[in-house]
Structures are given as structure tokens and as C-alpha cells.
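So this block is model.cif, mmCIF, C-alpha atoms:
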data_my_file
loop_
_atom_site.label_atom_id
_atom_site.label_comp_id
_atom_site.auth_asym_id
_atom_site.auth_seq_id
_atom_site.Cartn_x
_atom_site.Cartn_y
_atom_site.Cartn_z
CA MET A 1 0.00 0.00 0.00
CA ILE A 2 1.34 3.41 -0.97
CA LEU A 3 -0.13 5.15 2.09
CA ASP A 4 1.30 4.47 5.54
CA LEU A 5 -1.74 5.05 7.76
CA SER A 6 0.47 5.26 10.87
CA LYS A 7 1.60 8.68 9.58
CA PRO A 8 -0.97 11.41 10.31
CA ALA A 9 -0.55 13.11 6.93
CA HIS A 10 -1.08 9.79 5.14
CA ALA A 11 -4.14 8.98 7.27
CA GLU A 12 -5.56 12.40 6.37
CA ALA A 13 -4.82 11.71 2.70
CA ALA A 14 -6.69 8.39 2.89
CA GLU A 15 -9.75 10.13 4.31
CA ARG A 16 -9.65 12.93 1.74
CA LEU A 17 -9.39 10.42 -1.10
CA LYS A 18 -12.75 9.03 0.02
CA THR A 19 -14.51 12.41 0.08
CA GLU A 20 -12.81 14.84 -2.30
CA PRO A 21 -14.81 15.11 -5.54
CA CYS A 22 -11.88 16.18 -7.75
CA ILE A 23 -8.16 15.73 -8.09
CA TRP A 24 -5.64 17.37 -10.43
CA LEU A 25 -4.16 14.95 -12.99
CA THR A 26 -1.00 16.12 -14.74
CA THR A 27 0.08 14.39 -17.93
CA VAL A 28 2.89 15.31 -20.31
CA SER A 29 2.31 16.16 -23.99
CA LYS A 30 4.49 14.83 -26.81
CA THR A 31 6.34 18.17 -26.75
CA GLY A 32 7.15 17.73 -23.05
CA GLN A 33 4.62 20.29 -21.82
CA PRO A 34 2.93 19.30 -18.53
CA GLN A 35 -0.86 19.61 -18.76
CA SER A 36 -3.03 19.58 -15.64
CA SER A 37 -6.73 18.73 -15.66
CA LEU A 38 -9.23 18.70 -12.82
CA VAL A 39 -10.89 15.27 -12.93
CA TRP A 40 -13.38 13.08 -11.10
CA PHE A 41 -11.70 10.00 -9.65
CA LEU A 42 -12.13 6.90 -7.58
CA TRP A 43 -9.41 5.63 -5.25
CA ASP A 44 -9.65 1.95 -4.33
CA GLY A 45 -6.65 1.88 -2.00
CA ALA A 46 -4.28 0.68 -4.69
CA GLU A 47 -4.99 2.72 -7.82
CA PHE A 48 -6.98 5.63 -9.20
CA LEU A 49 -9.78 5.31 -11.73
CA ILE A 50 -10.34 8.29 -14.04
CA TYR A 51 -12.27 8.67 -17.29
CA GLY A 52 -10.71 10.50 -20.23
CA SER A 53 -12.69 12.42 -22.83
CA LYS A 54 -12.89 11.16 -26.38
CA THR A 55 -11.26 14.31 -27.79
CA GLY A 56 -9.09 15.44 -24.87
CA HIS A 57 -5.34 15.36 -24.39
CA LYS A 58 -5.13 12.97 -21.42
CA THR A 59 -5.35 9.71 -23.37
CA PRO A 60 -2.80 10.53 -26.11
CA ASN A 61 -0.48 12.04 -23.51
CA ILE A 62 -0.61 8.88 -21.40
CA LYS A 63 -0.07 6.67 -24.44
CA GLY A 64 3.07 8.71 -25.20
CA ASN A 65 4.33 9.02 -21.62
CA SER A 66 2.79 7.01 -18.80
CA ARG A 67 4.35 9.10 -16.02
CA VAL A 68 1.74 11.28 -14.30
CA SER A 69 1.07 13.10 -11.07
CA LEU A 70 -2.11 13.57 -9.07
CA ASN A 71 -2.61 16.40 -6.59
CA LEU A 72 -5.30 17.29 -4.10
CA ASP A 73 -5.83 20.97 -3.34
CA SER A 74 -4.12 22.24 -0.19
CA ASN A 75 -5.99 23.50 2.84
CA GLY A 76 -5.43 27.10 1.71
CA SER A 77 -2.83 27.76 4.41
CA GLY A 78 0.10 25.83 2.98
CA GLY A 79 -0.82 22.50 4.56
CA GLY A 80 -2.82 19.49 3.48
CA VAL A 81 -0.62 19.06 0.44
CA ILE A 82 -0.99 15.59 -1.07
CA THR A 83 0.81 14.61 -4.25
CA PHE A 84 1.02 11.22 -5.92
CA GLU A 85 3.43 10.27 -8.68
CA GLY A 86 2.75 7.19 -10.72
CA LYS A 87 2.25 5.29 -13.92
CA ALA A 88 -0.96 5.58 -15.91
CA ARG A 89 -2.41 3.20 -18.43
CA ILE A 90 -5.46 3.12 -20.65
CA ASP A 91 -7.55 0.11 -19.65
CA GLU A 92 -9.17 -0.98 -22.90
CA ALA A 93 -11.28 -3.55 -21.01
CA GLY A 94 -12.30 -1.09 -18.30
CA GLN A 95 -15.93 -0.66 -17.42
CA PRO A 96 -17.98 2.49 -18.01
CA PRO A 97 -18.92 4.59 -14.95
CA ALA A 98 -22.41 3.13 -14.51
CA GLN A 99 -20.88 -0.33 -14.11
CA VAL A 100 -18.51 0.76 -11.32
CA PRO A 101 -20.83 0.93 -8.28
CA ASP A 102 -18.51 2.95 -6.03
CA TYR A 103 -17.83 5.49 -8.79
CA ALA A 104 -21.53 5.80 -9.62
CA ALA A 105 -22.42 6.24 -5.95
CA LYS A 106 -19.72 8.89 -5.46
CA TYR A 107 -20.91 11.02 -8.39
CA GLN A 108 -24.65 10.34 -8.60
CA ALA A 109 -25.56 13.67 -6.96
CA GLN A 110 -23.38 15.66 -9.38
CA VAL A 111 -24.70 13.75 -12.39
CA ASP A 112 -28.27 14.43 -11.28
CA ALA A 113 -27.55 18.10 -10.51
CA PHE A 114 -26.18 18.67 -14.01
CA GLY A 115 -29.06 16.77 -15.63
CA TRP A 116 -26.68 14.20 -17.08
CA THR A 117 -26.80 10.42 -17.23
CA PHE A 118 -23.96 7.98 -16.79
CA ASP A 119 -24.59 6.80 -20.36
CA GLN A 120 -23.88 10.34 -21.58
CA ILE A 121 -20.72 10.47 -19.48
CA ALA A 122 -19.58 7.12 -20.89
CA GLY A 123 -20.09 8.47 -24.41
CA ASP A 124 -18.19 11.69 -23.74
CA TYR A 125 -15.50 10.08 -21.52
CA PRO A 126 -14.93 6.60 -23.00
CA HIS A 127 -11.26 6.16 -22.03
CA VAL A 128 -10.72 4.30 -18.77
CA ILE A 129 -7.53 5.55 -17.15
CA LYS A 130 -5.91 3.67 -14.28
CA VAL A 131 -3.08 5.23 -12.29
CA SER A 132 -0.86 3.12 -10.05
CA PRO A 133 0.97 5.43 -7.63
CA THR A 134 4.66 4.86 -7.04
CA ARG A 135 5.30 7.72 -4.61
CA VAL A 136 3.26 9.90 -2.28
CA ARG A 137 4.13 13.16 -0.59
CA ALA A 138 1.80 14.38 2.12
CA PHE A 139 2.38 17.23 4.55
#

How does the structure come out when it is put into C-alpha cells?
Amino acid sequence: MILDLSKPAHAEAAERLKTEPCIWLTTVSKTGQPQSSLVWFLWDGAEFLIYGSKTGHKTPNIKGNSRVSLNLDSNGSGGGVITFEGKARIDEAGQPPAQVPDYAAKYQAQVDAFGWTFDQIAGDYPHVIKVSPTRVRAF
């Protein structure tokens, strides 16, 4: 497990990963330019699940360079910084959001509030991205 729950900052990170609606995903373009995107995510304790748009830059960036970072916003006072570094992959056999019960439960209220459906989201965000963290910094 990447998080050491005996460390207070890691325990806080584990709790925030359950409740935070968004995380910043940074990929690298073919020209070497880092590109950060605010994304919905699901953390299962071992890896992150994210959906990439059909026309966005995340999927081609990951196919060209699998190294990524994920960052939660700080607490606004310089603390609560949580950064993961890891390897991303496109899971061609991955399931759409409606078929991932924990993901659907986490985002049902937002989907309803926007008047969307999970079928629409699956059509707009068909690329299943999995990120396996290799390093965490939390302070």
C-alpha cells in the first residue's frame, strides 16, 4: 500500500481520497509540456480510476508518456498538500462509470444536478484511465 496510515498526513490523505470530488491529474504532452486537468476520480486503496474524454489530451499524452502526477488541493494555508506520482495506463477492457458501483455512488448527486446520465458520461469520456501510484508526498 502506498499510504502508511500510521503517519498522520497519510491517514488524512486516505480520508480525503474518500470524500474529495476532484483531483488534479497532470500528464505530459508529446512536446514535453505538462498539462493539468481537474478530474473526477475513484481511489480503491491501490490505484486511481479516471475517465478521459474522447477528444481530450489525457489519453494521447498517457499513451506517449505514462508518467503522471495527481494532486489534491491544499488547505489554503500551505498545509494538506498531497501529491502522488505514478504510472498511468489506458484500460481498454475497463468498465464504463455506470458499471462501477462505487464510482456511480460517489458522483450520482453531481450527475443528477447537471441533468446528465452515466450513459452520456460514458459516451463523452470513454477512455478508462488507471493510475498506479509509485510515490506519495503528504504534509

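Straight-line separation from CA of Lys130 in chain A to CA of Ile50 in chain A: 6.4 Å.
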
Spatial neighbours of range 40-46 of chain A, max dist 9 Å, all atoms listed in the file, sep filter under 2 positions, as a list in words: Met1, Ile2, Leu3, Ala14, Leu17, Lys18, Glu20, Pro21, Cys22, Ile23, Trp24, Leu38, Phe48, Leu49, Ile50, Tyr51, Asp102, Tyr103, Lys106, Tyr107, Val131, Ser132 and Pro133 of chain A

Using the chain letters and residue numbers of this document, give as a tab-separated table (two decimals) with C-alpha atoms, keeping the file's coordinate frame the residues selected by the PyMOL selection byres ((chain A and resi 28) around 8).
chain	number	residue	atom	x	y	z
A	26	THR	CA	-1.00	16.12	-14.74
A	27	THR	CA	0.08	14.39	-17.93
A	29	SER	CA	2.31	16.16	-23.99
A	30	LYS	CA	4.49	14.83	-26.81
A	31	THR	CA	6.34	18.17	-26.75
A	32	GLY	CA	7.15	17.73	-23.05
A	33	GLN	CA	4.62	20.29	-21.82
A	34	PRO	CA	2.93	19.30	-18.53
A	35	GLN	CA	-0.86	19.61	-18.76
A	61	ASN	CA	-0.48	12.04	-23.51
A	62	ILE	CA	-0.61	8.88	-21.40
A	65	ASN	CA	4.33	9.02	-21.62
A	67	ARG	CA	4.35	9.10	-16.02
A	68	VAL	CA	1.74	11.28	-14.30

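CA of Arg137 in chain A to CA of Thr59 in chain A spans 24.9 Å [interatomic distance, one decimal].
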
Under the rule that only C-alpha atoms are counted, which of A:Val39, A:Ala13, A:Leu25, A:Ala88 is the nearest residue to Thr134 in chain A? A:Ala88

Any chance you could resolve the PyMOL selection byres ((chain A and resi 127) around 8) against this file and give the residues as an NGL selection string? :A and (51-54 or 59 or 90-92 or 125-126 or 128-129)
